[in-house]
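Coordinates as given in target07.cif (mmCIF, C-alpha atoms):
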```cif
data_entry
loop_
_atom_site.label_atom_id
_atom_site.label_comp_id
_atom_site.auth_asym_id
_atom_site.auth_seq_id
_atom_site.Cartn_x
_atom_site.Cartn_y
_atom_site.Cartn_z
CA MET A 1 -25.43 37.36 -26.40
CA ASP A 2 -23.51 39.53 -28.83
CA PHE A 3 -20.59 41.76 -27.91
CA ASN A 4 -22.64 44.99 -27.80
CA GLU A 5 -25.06 43.48 -25.32
CA PHE A 6 -22.21 42.22 -23.15
CA PHE A 7 -20.48 45.60 -23.31
CA TYR A 8 -23.72 47.31 -22.26
CA LEU A 9 -24.12 44.97 -19.27
CA ILE A 10 -20.56 45.68 -18.13
CA ASN A 11 -21.21 49.41 -18.45
CA LEU A 12 -24.49 49.11 -16.57
CA THR A 13 -22.79 47.25 -13.72
CA VAL A 14 -20.02 49.86 -13.48
CA TYR A 15 -22.63 52.63 -13.61
CA ALA A 16 -24.73 51.04 -10.83
CA PHE A 17 -21.68 50.50 -8.65
CA LEU A 18 -20.29 54.03 -9.12
CA ILE A 19 -23.63 55.79 -8.65
CA GLY A 20 -24.54 53.56 -5.67
CA SER A 21 -21.16 54.26 -4.05
CA LEU A 22 -21.37 58.00 -4.59
CA LEU A 23 -24.94 58.10 -3.25
CA LEU A 24 -23.92 56.16 -0.14
CA GLY A 25 -21.00 58.59 0.27
CA LEU A 26 -23.40 61.51 -0.11
CA HIS A 27 -25.65 59.85 2.46
CA ARG A 28 -22.83 59.84 5.02
CA LYS A 29 -21.90 63.43 4.20
CA ILE A 30 -25.46 64.75 4.64
CA MET A 31 -25.93 62.76 7.86
CA ALA A 32 -22.70 64.28 9.20
CA LYS A 33 -23.80 67.81 8.31
CA ILE A 34 -27.12 67.26 10.10
CA GLN A 35 -25.24 66.08 13.18
CA LEU A 36 -22.94 69.16 12.96
CA ARG A 37 -19.87 67.12 12.04
CA PRO A 38 -17.62 67.89 9.03
CA GLY A 39 -18.10 64.38 7.65
CA PRO A 40 -16.06 62.41 5.13
CA PRO A 41 -15.77 63.33 1.43
CA ILE A 42 -18.46 61.83 -0.80
CA ILE A 43 -15.99 59.41 -2.38
CA GLN A 44 -15.37 57.86 1.05
CA TYR A 45 -17.49 54.76 0.35
CA LEU A 46 -15.61 54.17 -2.88
CA LEU A 47 -12.25 54.67 -1.15
CA HIS A 48 -13.31 52.20 1.55
CA THR A 49 -14.27 49.63 -1.07
CA LEU A 50 -10.98 50.01 -2.92
CA LYS A 51 -9.01 50.00 0.33
CA PHE A 52 -10.17 46.48 1.16
CA TYR A 53 -8.54 45.11 -1.99
CA PHE A 54 -5.09 45.98 -0.64
CA LYS A 55 -5.64 44.36 2.73
CA GLU A 56 -4.21 41.05 3.79
CA ILE A 57 -6.53 38.08 3.27
CA THR A 58 -6.88 35.82 6.29
CA PHE A 59 -9.69 33.68 7.60
CA PRO A 60 -10.79 33.44 11.24
CA ILE A 61 -10.13 30.08 12.92
CA THR A 62 -13.78 29.87 13.91
CA ALA A 63 -15.07 30.45 10.36
CA GLY A 64 -16.93 27.72 8.50
CA ASN A 65 -14.85 28.21 5.38
CA PRO A 66 -16.86 27.25 2.29
CA LEU A 67 -19.88 29.25 3.46
CA TYR A 68 -17.72 32.10 4.78
CA ILE A 69 -16.16 32.66 1.36
CA PHE A 70 -19.23 31.87 -0.72
CA MET A 71 -21.60 34.35 0.96
CA PRO A 72 -20.00 37.61 -0.31
CA ILE A 73 -19.91 36.06 -3.79
CA LEU A 74 -23.60 35.18 -3.45
CA GLN A 75 -24.27 38.79 -2.46
CA ILE A 76 -22.70 39.98 -5.72
CA ILE A 77 -24.59 37.32 -7.72
CA VAL A 78 -27.92 38.28 -6.12
CA TRP A 79 -27.64 42.00 -6.78
CA LEU A 80 -26.10 41.68 -10.24
CA SER A 81 -29.01 39.42 -11.19
CA ALA A 82 -31.44 41.94 -9.69
CA LEU A 83 -29.74 44.74 -11.63
CA ILE A 84 -29.99 42.92 -14.95
CA LEU A 85 -33.53 41.64 -14.37
CA ALA A 86 -34.85 44.98 -13.14
CA VAL A 87 -32.96 47.71 -14.97
CA LYS A 88 -31.96 45.95 -18.19
CA LEU A 89 -34.85 43.53 -18.83
CA GLU A 90 -37.54 45.37 -16.79
CA SER A 91 -38.76 41.94 -15.83
CA SER A 92 -41.27 40.68 -13.26
CA LEU A 93 -41.40 42.16 -9.78
CA LEU A 94 -41.88 38.69 -8.32
CA ILE A 95 -38.41 37.59 -9.43
CA ILE A 96 -36.93 40.75 -7.94
CA ILE A 97 -38.66 39.99 -4.63
CA GLY A 98 -37.32 36.44 -4.78
CA LEU A 99 -33.82 37.83 -5.20
CA TYR A 100 -34.40 40.33 -2.42
CA VAL A 101 -35.35 37.50 -0.07
CA LEU A 102 -32.11 35.71 -1.04
CA GLN A 103 -30.33 38.68 0.55
CA LYS A 104 -31.59 37.34 3.89
CA ILE A 105 -29.73 34.09 3.23
CA VAL A 106 -26.58 36.12 2.58
CA GLU A 107 -26.95 38.01 5.86
CA HIS A 108 -27.78 34.86 7.79
CA GLY A 109 -25.01 32.84 6.14
CA CYS A 110 -22.40 35.57 6.64
CA GLY A 111 -23.28 35.86 10.31
CA LEU A 112 -23.41 32.17 11.11
CA SER A 113 -20.37 31.12 9.07
CA SER A 114 -18.07 33.65 10.75
CA GLY A 115 -18.20 32.01 14.18
CA SER A 116 -18.28 35.39 15.90
CA PRO A 117 -21.05 35.97 18.46
CA TYR A 118 -21.70 39.41 16.96
CA GLY A 119 -21.99 37.90 13.50
CA LYS A 120 -24.33 35.21 14.78
CA LEU A 121 -26.49 37.80 16.49
CA GLY A 122 -26.59 39.76 13.23
CA GLY A 123 -27.66 36.61 11.37
CA VAL A 124 -30.37 35.87 13.91
CA ARG A 125 -31.61 39.45 13.74
CA SER A 126 -31.66 39.17 9.97
CA VAL A 127 -34.17 36.34 10.20
CA PHE A 128 -36.00 38.19 12.96
CA SER A 129 -36.35 41.25 10.73
CA ALA A 130 -37.96 39.28 7.91
CA ALA A 131 -41.00 41.36 8.86
CA ALA A 132 -39.55 43.99 6.52
CA GLU A 133 -40.53 41.79 3.57
CA ILE A 134 -44.23 41.67 4.45
CA PRO A 135 -44.87 45.29 3.37
CA LEU A 136 -42.97 44.48 0.15
CA PHE A 137 -45.34 41.61 -0.71
CA ALA A 138 -48.32 43.78 0.15
CA VAL A 139 -46.96 46.59 -2.04
CA VAL A 140 -46.51 44.26 -5.00
CA SER A 141 -50.05 42.90 -4.58
CA THR A 142 -51.50 46.42 -4.47
CA VAL A 143 -49.53 47.43 -7.57
CA TYR A 144 -50.89 44.32 -9.33
CA ILE A 145 -54.49 45.16 -8.35
CA VAL A 146 -54.14 48.62 -9.89
CA THR A 147 -52.02 47.92 -12.99
CA ASN A 148 -53.03 44.29 -13.76
CA SER A 149 -49.40 43.38 -14.32
CA LEU A 150 -46.24 42.59 -12.42
CA ILE A 151 -43.89 43.25 -15.33
CA ILE A 152 -41.96 46.46 -14.62
CA SER A 153 -42.13 47.67 -18.24
CA ASP A 154 -45.96 47.30 -18.15
CA ILE A 155 -46.14 49.20 -14.85
CA VAL A 156 -44.03 52.02 -16.34
CA SER A 157 -46.23 52.10 -19.48
CA TYR A 158 -49.34 52.22 -17.29
CA GLN A 159 -47.97 55.28 -15.52
CA GLN A 160 -47.19 57.03 -18.80
CA ILE A 161 -50.93 56.90 -19.56
CA HIS A 162 -52.48 57.24 -16.10
CA GLY A 163 -49.88 59.28 -14.19
CA PRO A 164 -47.47 58.26 -11.41
CA LEU A 165 -48.61 55.50 -9.06
CA ILE A 166 -47.36 57.44 -6.03
CA LEU A 167 -50.51 59.57 -6.32
CA LYS A 168 -52.81 56.54 -6.50
CA LEU A 169 -50.99 54.34 -3.98
CA PRO A 170 -49.46 56.69 -1.40
CA ILE A 171 -49.58 54.08 1.38
CA SER A 172 -47.76 51.50 -0.73
CA ALA A 173 -45.22 54.11 -1.81
CA PHE A 174 -44.64 54.96 1.85
CA ALA A 175 -44.17 51.28 2.74
CA PHE A 176 -41.65 50.84 -0.09
CA PHE A 177 -39.90 54.00 1.02
CA ILE A 178 -39.57 52.57 4.54
CA LEU A 179 -37.94 49.53 2.92
CA LEU A 180 -35.41 51.88 1.26
CA VAL A 181 -34.78 53.54 4.63
CA SER A 182 -34.26 50.16 6.28
CA LYS A 183 -31.68 49.18 3.62
CA ALA A 184 -29.69 52.42 3.96
CA PRO A 185 -26.72 52.55 6.37
CA ASN A 186 -27.29 53.90 9.92
CA SER A 187 -31.01 53.38 9.51
CA PRO A 188 -33.34 53.27 12.54
CA PHE A 189 -34.41 49.85 11.20
CA GLY A 190 -30.82 48.68 10.61
CA ILE A 191 -30.81 46.18 13.45
CA VAL A 192 -28.89 43.64 11.36
CA LYS A 193 -25.82 45.88 11.07
CA GLY A 194 -26.50 47.89 14.24
CA LYS A 195 -23.51 49.33 16.07
CA ASP A 196 -24.71 47.69 19.29
CA ILE A 197 -23.49 44.40 17.80
CA VAL A 198 -20.30 45.94 16.25
CA SER A 199 -21.18 45.50 12.56
CA GLY A 200 -23.60 42.60 12.82
CA TYR A 201 -23.10 39.95 10.15
CA LEU A 202 -20.22 41.94 8.61
CA THR A 203 -18.11 41.89 11.77
CA GLU A 204 -15.82 39.02 10.78
CA HIS A 205 -15.67 39.71 7.05
CA PHE A 206 -12.65 41.80 6.14
CA GLY A 207 -10.22 42.30 3.28
CA LEU A 208 -11.33 41.18 -0.16
CA LEU A 209 -14.55 39.61 1.14
CA ALA A 210 -15.64 42.88 2.77
CA GLY A 211 -14.83 44.64 -0.51
CA LEU A 212 -17.17 42.27 -2.35
CA ILE A 213 -19.95 42.91 0.18
CA TYR A 214 -19.45 46.66 -0.21
CA ILE A 215 -19.77 46.37 -4.00
CA GLY A 216 -22.95 44.31 -3.54
CA ASP A 217 -24.37 46.89 -1.13
CA ALA A 218 -23.71 49.76 -3.55
CA ILE A 219 -25.43 47.92 -6.42
CA ALA A 220 -28.30 46.96 -4.07
CA TYR A 221 -28.84 50.58 -3.09
CA PHE A 222 -28.91 51.63 -6.76
CA VAL A 223 -31.34 48.84 -7.74
CA LEU A 224 -33.76 49.55 -4.86
CA LEU A 225 -33.79 53.29 -5.59
CA TRP A 226 -34.35 52.59 -9.28
CA LEU A 227 -37.20 50.19 -8.44
CA PHE A 228 -38.92 52.81 -6.30
CA ILE A 229 -38.58 55.45 -9.03
CA ALA A 230 -39.73 53.07 -11.79
CA ILE A 231 -42.70 51.64 -9.88
CA PHE A 232 -44.03 54.77 -8.22
CA LEU A 233 -42.80 57.64 -10.41
CA GLY A 234 -42.84 55.85 -13.78
CA ILE A 235 -39.29 56.83 -14.76
CA SER A 236 -37.25 53.89 -15.97
CA ASN A 237 -34.47 55.77 -17.79
CA ILE A 238 -31.33 55.43 -15.66
CA PHE A 239 -30.16 58.98 -16.45
CA LEU A 240 -33.47 60.70 -15.79
CA ALA A 241 -33.81 58.70 -12.55
CA LEU A 242 -30.51 60.12 -11.27
CA PRO A 243 -31.85 63.46 -9.90
CA PHE A 244 -34.63 61.57 -8.11
CA MET A 245 -32.08 59.15 -6.65
CA ILE A 246 -30.15 62.11 -5.22
CA LEU A 247 -33.37 63.62 -3.84
CA ILE A 248 -34.46 60.34 -2.20
CA THR A 249 -30.96 59.85 -0.75
CA PHE A 250 -31.21 63.36 0.68
CA ILE A 251 -34.55 62.57 2.38
CA ILE A 252 -33.30 59.19 3.66
CA SER A 253 -30.17 60.87 5.06
CA ILE A 254 -32.27 63.39 6.97
CA ILE A 255 -34.41 60.60 8.45
CA ASN A 256 -31.39 58.47 9.36
CA GLY A 257 -29.47 61.43 10.71
CA LEU A 258 -32.25 62.46 13.06
CA THR A 259 -33.52 59.11 14.34
CA PRO A 260 -31.78 56.74 16.75
CA LEU A 261 -31.41 53.01 16.13
CA LEU A 262 -34.59 51.28 17.22
CA ALA A 263 -34.51 48.25 19.50
CA PRO A 264 -35.04 45.03 17.46
CA HIS A 265 -38.59 44.40 18.68
CA HIS A 266 -39.56 48.05 18.14
CA SER A 267 -38.18 47.92 14.61
CA VAL A 268 -40.03 44.72 13.77
CA MET A 269 -43.30 45.88 15.35
CA LEU A 270 -43.17 49.16 13.44
CA GLN A 271 -42.61 47.33 10.16
CA ILE A 272 -45.42 44.90 10.93
CA THR A 273 -47.69 47.87 11.67
CA ILE A 274 -46.82 49.37 8.27
CA ALA A 275 -47.46 45.98 6.69
CA ILE A 276 -50.91 45.81 8.33
CA VAL A 277 -51.79 49.27 7.02
CA VAL A 278 -50.75 48.29 3.47
CA LEU A 279 -52.63 44.99 3.75
CA LEU A 280 -55.76 46.88 4.84
CA ASP A 281 -55.31 49.15 1.84
CA LEU A 282 -55.00 46.03 -0.34
CA LEU A 283 -58.11 44.49 1.23
CA HIS A 284 -60.03 47.69 0.65
CA ARG A 285 -59.00 47.73 -3.02
CA VAL A 286 -59.89 44.04 -3.50
CA ILE A 287 -63.36 44.42 -1.91
CA PHE A 288 -64.28 47.67 -3.66
CA LEU A 289 -62.71 46.83 -7.02
CA MET B 1 -18.90 61.60 -29.03
CA PRO B 2 -22.31 62.10 -27.39
CA TYR B 3 -23.27 65.32 -25.70
CA ILE B 4 -23.90 65.46 -21.96
CA THR B 5 -26.63 68.07 -22.19
CA TYR B 6 -28.92 65.85 -24.25
CA LEU B 7 -29.96 63.63 -21.39
CA GLY B 8 -31.80 60.49 -22.33
CA GLU B 9 -31.55 58.02 -25.16
CA ARG B 10 -28.72 59.75 -26.99
CA MET B 11 -26.40 59.58 -24.04
CA ASP B 12 -23.93 56.77 -24.25
CA LEU B 13 -23.52 54.86 -21.00
CA PHE B 14 -19.84 54.25 -21.64
CA TYR B 15 -19.04 57.95 -21.92
CA PHE B 16 -21.16 58.72 -18.88
CA ASN B 17 -19.19 56.14 -16.90
CA LEU B 18 -15.96 57.77 -18.05
CA THR B 19 -17.36 61.10 -16.88
CA ILE B 20 -18.16 59.71 -13.43
CA ILE B 21 -14.71 58.11 -13.14
CA SER B 22 -13.14 61.42 -14.15
CA PHE B 23 -15.29 63.19 -11.53
CA ILE B 24 -14.19 60.70 -8.85
CA PHE B 25 -10.57 61.13 -9.88
CA GLY B 26 -10.99 64.92 -9.59
CA ASN B 27 -12.43 64.41 -6.09
CA PHE B 28 -9.45 62.30 -5.14
CA VAL B 29 -6.89 64.82 -6.46
CA GLY B 30 -8.77 67.62 -4.65
CA LEU B 31 -8.63 65.65 -1.41
CA GLU B 32 -4.91 65.08 -1.77
CA TYR B 33 -4.31 68.74 -2.65
CA SER B 34 -6.30 70.12 0.31
CA TYR B 35 -4.41 68.00 2.84
CA ARG B 36 -1.41 70.28 2.33
CA TYR B 37 -3.25 72.99 4.25
CA PRO B 38 -4.32 73.17 7.91
CA PRO B 39 -7.81 71.86 8.72
CA TYR B 40 -10.97 73.88 8.46
CA HIS B 41 -10.38 77.32 6.95
CA GLU B 42 -13.92 78.29 6.08
CA LYS B 43 -13.41 81.89 4.97
CA ARG B 44 -10.51 81.17 2.67
CA ILE B 45 -11.05 80.83 -1.08
CA ASP B 46 -8.47 78.74 -2.86
CA LYS B 47 -7.59 80.37 -6.21
CA PHE B 48 -6.58 77.11 -7.82
CA ALA B 49 -9.85 75.40 -6.80
CA LEU B 50 -11.87 78.41 -7.97
CA ILE B 51 -10.23 78.41 -11.41
CA SER B 52 -10.70 74.65 -11.64
CA SER B 53 -14.36 74.91 -10.69
CA ILE B 54 -15.15 77.70 -13.19
CA LEU B 55 -13.27 75.85 -15.93
CA GLY B 56 -15.21 72.68 -15.07
CA GLY B 57 -18.54 74.53 -15.18
CA PHE B 58 -17.71 75.76 -18.72
CA LEU B 59 -16.24 72.51 -20.01
CA LEU B 60 -19.23 70.42 -18.88
CA LEU B 61 -21.24 72.00 -21.69
CA THR B 62 -18.71 71.23 -24.39
CA PRO B 63 -17.59 67.95 -26.00
CA LEU B 64 -14.73 68.04 -23.46
CA TYR B 65 -17.20 67.30 -20.63
CA ILE B 66 -15.16 64.34 -19.38
CA ILE B 67 -12.30 66.71 -18.51
CA GLY B 68 -14.87 69.20 -17.16
CA ALA B 69 -16.10 66.59 -14.69
CA PHE B 70 -12.55 66.24 -13.41
CA PHE B 71 -12.20 69.99 -12.86
CA ILE B 72 -15.56 70.42 -11.15
CA GLY B 73 -14.89 67.37 -8.97
CA PHE B 74 -11.65 68.94 -7.75
CA PRO B 75 -13.19 71.52 -5.31
CA LEU B 76 -15.96 69.13 -4.21
CA GLY B 77 -13.47 66.51 -3.13
CA MET B 78 -11.44 68.85 -0.93
CA ARG B 79 -11.39 68.19 2.80
CA SER B 80 -14.04 69.68 5.10
CA GLY B 81 -13.93 73.45 5.29
CA TYR B 82 -12.41 73.77 1.82
CA GLY B 83 -13.83 74.08 -1.66
CA ARG B 84 -17.51 74.55 -0.80
CA ILE B 85 -17.88 78.09 -2.16
CA GLU B 86 -15.64 77.32 -5.13
CA PHE B 87 -17.73 74.29 -6.05
CA LEU B 88 -21.01 76.21 -5.75
CA ILE B 89 -19.66 78.94 -8.05
CA GLY B 90 -18.67 76.35 -10.68
CA LEU B 91 -22.01 74.55 -10.35
CA SER B 92 -23.93 77.83 -10.66
CA ILE B 93 -22.05 78.67 -13.85
CA PHE B 94 -22.90 75.26 -15.28
CA VAL B 95 -26.60 75.52 -14.35
CA ILE B 96 -26.95 79.08 -15.70
CA LEU B 97 -25.20 78.26 -18.98
CA TYR B 98 -27.24 75.06 -19.31
CA LEU B 99 -30.52 76.94 -18.82
CA ILE B 100 -29.48 79.65 -21.29
CA ARG B 101 -28.66 77.04 -23.89
CA TRP B 102 -31.84 75.08 -23.20
CA TRP B 103 -33.84 78.27 -23.64
CA TYR B 104 -31.92 79.05 -26.85
CA VAL B 105 -32.41 75.53 -28.30
CA THR B 106 -36.12 75.23 -27.43
CA GLY B 107 -36.85 78.61 -28.82
#
```
Spit out the file's structure as structure tokens when you get a sec.
Amino acid sequence: MDFNEFFYLINLTVYAFLIGSLLLGLHRKIMAKIQLRPGPPIIQYLLHTLKFYFKEITFPITAGNPLYIFMPILQIIVWLSALILAVKLESSLLIIIGLYVLQKIVEHGCGLSSGSPYGKLGGVRSVFSAAAEIPLFAVVSTVYIVTNSLIISDIVSYQQIHGPLILKLPISAFAFFILLVSKAPNSPFGIVKGKDIVSGYLTEHFGLLAGLIYIGDAIAYFVLLWLFIAIFLGISNIFLALPFMILITFIISIINGLTPLLAPHHSVMLQITIAIVVLLDLLHRVIFL
Amino acid sequence: MPYITYLGERMDLFYFNLTIISFIFGNFVGLEYSYRYPPYHEKRIDKFALISSILGGFLLLTPLYIIGAFFIGFPLGMRSGYGRIEFLIGLSIFVILYLIRWWYVTG
């Protein structure tokens, strides 16, 4: 890798982090306005992230230390890899899904290594909510049936000729959108980090480690929004995707601001129902191809 | 130096990152500035924020757009109840000037 390529990757990472942070800040602001609160400034998420770097670093007595420290680092590794594979290389969707599933290991590992009952419950719920991945697999299969490829650059090229996939696959687009909603903070599907269990798997991670998780979350939000825009709207340019990212964040904020947190079994059943609908759509496309 | 109005391939990611950082810094300075005043004065227009916003709206269309992002971020970052109208005025100026120039360039 030459210097220019390296410099571009650094810039891309900074860009993803800053845009992800600002969008998550905007998300909080819009949610607050909907709930008739003044709300924090839109740089609040960024300020939170930076704040954690000046906090004292201690480890709970109950923590299983190697795993406790390694999990936030794994979070960064997972989403940086996803960023490079998706946005830079426009690589295969299957690898991105593989990385997305690794996120479950992060959540589970964070929760279980902390030793806190809230963290453990968050970890258990994380495994429980693996139902959220079923629509994702179904979406990818449907996209493959239509475009004959799983490479993101091919899918984008297909849309430049045949128009956006959101018009051809509205059910899949909806399922992917629900995935975006479930990854956003204060989501009705956010049982893993639900306030009923304090902060779920994040409860016992503080200081520098929490800062790392926050950075990972910001990059994750950026990557998932970009994936949705690239796969269903056919826009892979990171600058042109920006207005759509703001628009989608606006819609997600309205949904999250108006809906209460679902009970875990309700959340899972709803996601399984969406998965069944997408799978029926897939079946229909396979039979009548 | 690339030009912010030509969105797309010509835009350099490095300069765009600098613009965002400048915008965030403007937000931060605005937040600090507004905490000198009592909370929630909705009807009040801050002259300093208004000037900053208008200046930012103009500068965003020039090669000095990095500084423009700082100035337009200033009113947006102010605490709740402050800077909303000022920011919208600056943003409107930017959008109107951008559309005029786009219309002029495309013919």
With a cut-off of 10 Å, could you pull out the residues of chain B touching chain A and give me the nearest pair of atoms for each, distance in Å to one decimal, using all atoms listed in the file, ordered by chain and ascending number, as a Markdown table?
```
| residue | atom | partner | partner_atom | distance |
| --- | --- | --- | --- | --- |
| B:Leu7 | CA | A:Phe239 | CA | 6.8 |
| B:Gly8 | CA | A:Phe239 | CA | 6.3 |
| B:Glu9 | CA | A:Asn237 | CA | 8.2 |
| B:Met11 | CA | A:Phe239 | CA | 8.5 |
| B:Asp12 | CA | A:Tyr8 | CA | 9.7 |
| B:Leu13 | CA | A:Asn11 | CA | 6.4 |
| B:Phe14 | CA | A:Asn11 | CA | 6.0 |
| B:Tyr15 | CA | A:Asn11 | CA | 9.5 |
| B:Phe16 | CA | A:Tyr15 | CA | 8.2 |
| B:Asn17 | CA | A:Tyr15 | CA | 5.9 |
| B:Leu18 | CA | A:Tyr15 | CA | 9.5 |
| B:Ile20 | CA | A:Leu18 | CA | 7.4 |
| B:Ile21 | CA | A:Leu18 | CA | 8.0 |
| B:Phe23 | CA | A:Ile43 | CA | 9.9 |
| B:Ile24 | CA | A:Ile43 | CA | 6.8 |
| B:Phe25 | CA | A:Ile43 | CA | 9.4 |
| B:Asn27 | CA | A:Ile43 | CA | 7.2 |
| B:Phe28 | CA | A:Ile43 | CA | 7.7 |
| B:Leu31 | CA | A:Pro41 | CA | 8.0 |
| B:Tyr40 | CA | A:Pro38 | CA | 9.0 |
| B:Leu76 | CA | A:Pro41 | CA | 8.1 |
| B:Gly77 | CA | A:Pro41 | CA | 6.0 |
| B:Met78 | CA | A:Pro41 | CA | 7.4 |
| B:Arg79 | CA | A:Pro41 | CA | 6.7 |
| B:Ser80 | CA | A:Pro38 | CA | 5.6 |
| B:Gly81 | CA | A:Pro38 | CA | 7.6 |
```
Task: Residue IDs satisfying the PyMOL selection byres ((chain B and resi 83) around 12), as a ChimeraX atom specification - done: /A:41 /B:27,30-31,33-34,40-53,72-82,84-91
- [ ] Could you tell me how far CA of Thr49 (chain A) lies from CA of Ser22 (chain B), in Å and to one decimal?
- [x]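 Between CA of Thr49 (chain A) and CA of Ser22 (chain B) the gap is 17.6 Å.
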TODO: State, in Å with one decimal place, the distance from CA of Lys183 (chain A) to CA of Val156 (chain A).
DONE: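 Going from CA of Lys183 (chain A) over to CA of Val156 (chain A), I get 23.6 Å.
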TODO: Could you expand the PyMOL selection byres ((chain A and resi 229) around 12) into the explicit residues it covers here, written as a PyMOL selection string?
DONE: chain A and resi 86-87+152+155-156+159+164-166+173+176-177+180+222-228+230-248
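Minimum atom-to-atom distance to Ala275 (chain A), evaluated using only C-alpha atoms, belongs to A:Glu133 out of A:Glu90, A:Glu107, A:Glu133, A:Glu5.
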Supply region 219-235 of chain A as a PDB file, in the frame of the given file, with N, CA and C atoms built in where the input has gaps.
```pdb
ATOM      1  N   ILE A 219     -24.527  48.279  -5.322  1.00  0.00           N
ATOM      2  CA  ILE A 219     -25.430  47.920  -6.420  1.00  0.00           C
ATOM      3  C   ILE A 219     -26.858  47.747  -5.885  1.00  0.00           C
ATOM      4  N   ALA A 220     -26.978  47.158  -4.675  1.00  0.00           N
ATOM      5  CA  ALA A 220     -28.300  46.960  -4.070  1.00  0.00           C
ATOM      6  C   ALA A 220     -29.000  48.291  -3.849  1.00  0.00           C
ATOM      7  N   TYR A 221     -28.252  49.263  -3.356  1.00  0.00           N
ATOM      8  CA  TYR A 221     -28.840  50.580  -3.090  1.00  0.00           C
ATOM      9  C   TYR A 221     -29.347  51.212  -4.394  1.00  0.00           C
ATOM     10  N   PHE A 222     -28.525  51.088  -5.449  1.00  0.00           N
ATOM     11  CA  PHE A 222     -28.910  51.630  -6.760  1.00  0.00           C
ATOM     12  C   PHE A 222     -30.184  50.954  -7.265  1.00  0.00           C
ATOM     13  N   VAL A 223     -30.206  49.603  -7.191  1.00  0.00           N
ATOM     14  CA  VAL A 223     -31.340  48.840  -7.740  1.00  0.00           C
ATOM     15  C   VAL A 223     -32.632  49.194  -6.980  1.00  0.00           C
ATOM     16  N   LEU A 224     -32.558  49.265  -5.648  1.00  0.00           N
ATOM     17  CA  LEU A 224     -33.760  49.550  -4.860  1.00  0.00           C
ATOM     18  C   LEU A 224     -34.282  50.969  -5.142  1.00  0.00           C
ATOM     19  N   LEU A 225     -33.356  51.926  -5.254  1.00  0.00           N
ATOM     20  CA  LEU A 225     -33.790  53.290  -5.590  1.00  0.00           C
ATOM     21  C   LEU A 225     -34.433  53.315  -6.976  1.00  0.00           C
ATOM     22  N   TRP A 226     -33.806  52.624  -7.914  1.00  0.00           N
ATOM     23  CA  TRP A 226     -34.350  52.590  -9.280  1.00  0.00           C
ATOM     24  C   TRP A 226     -35.743  51.956  -9.284  1.00  0.00           C
ATOM     25  N   LEU A 227     -35.900  50.866  -8.502  1.00  0.00           N
ATOM     26  CA  LEU A 227     -37.200  50.190  -8.440  1.00  0.00           C
ATOM     27  C   LEU A 227     -38.275  51.146  -7.930  1.00  0.00           C
ATOM     28  N   PHE A 228     -37.947  51.867  -6.865  1.00  0.00           N
ATOM     29  CA  PHE A 228     -38.920  52.810  -6.300  1.00  0.00           C
ATOM     30  C   PHE A 228     -39.317  53.852  -7.353  1.00  0.00           C
ATOM     31  N   ILE A 229     -38.306  54.383  -8.042  1.00  0.00           N
ATOM     32  CA  ILE A 229     -38.580  55.450  -9.030  1.00  0.00           C
ATOM     33  C   ILE A 229     -39.369  54.891 -10.213  1.00  0.00           C
ATOM     34  N   ALA A 230     -39.023  53.662 -10.645  1.00  0.00           N
ATOM     35  CA  ALA A 230     -39.730  53.070 -11.790  1.00  0.00           C
ATOM     36  C   ALA A 230     -41.168  52.709 -11.425  1.00  0.00           C
ATOM     37  N   ILE A 231     -41.368  52.136 -10.240  1.00  0.00           N
ATOM     38  CA  ILE A 231     -42.700  51.640  -9.880  1.00  0.00           C
ATOM     39  C   ILE A 231     -43.639  52.783  -9.481  1.00  0.00           C
ATOM     40  N   PHE A 232     -43.117  53.751  -8.761  1.00  0.00           N
ATOM     41  CA  PHE A 232     -44.030  54.770  -8.220  1.00  0.00           C
ATOM     42  C   PHE A 232     -43.954  56.122  -8.941  1.00  0.00           C
ATOM     43  N   LEU A 233     -42.867  56.378  -9.676  1.00  0.00           N
ATOM     44  CA  LEU A 233     -42.800  57.640 -10.410  1.00  0.00           C
ATOM     45  C   LEU A 233     -42.859  57.421 -11.925  1.00  0.00           C
ATOM     46  N   GLY A 234     -42.709  56.168 -12.352  1.00  0.00           N
ATOM     47  CA  GLY A 234     -42.840  55.850 -13.780  1.00  0.00           C
ATOM     48  C   GLY A 234     -41.653  56.272 -14.614  1.00  0.00           C
ATOM     49  N   ILE A 235     -40.489  56.443 -14.002  1.00  0.00           N
ATOM     50  CA  ILE A 235     -39.290  56.830 -14.760  1.00  0.00           C
ATOM     51  C   ILE A 235     -38.330  55.658 -14.762  1.00  0.00           C
TER      52      ILE A 235
END
```
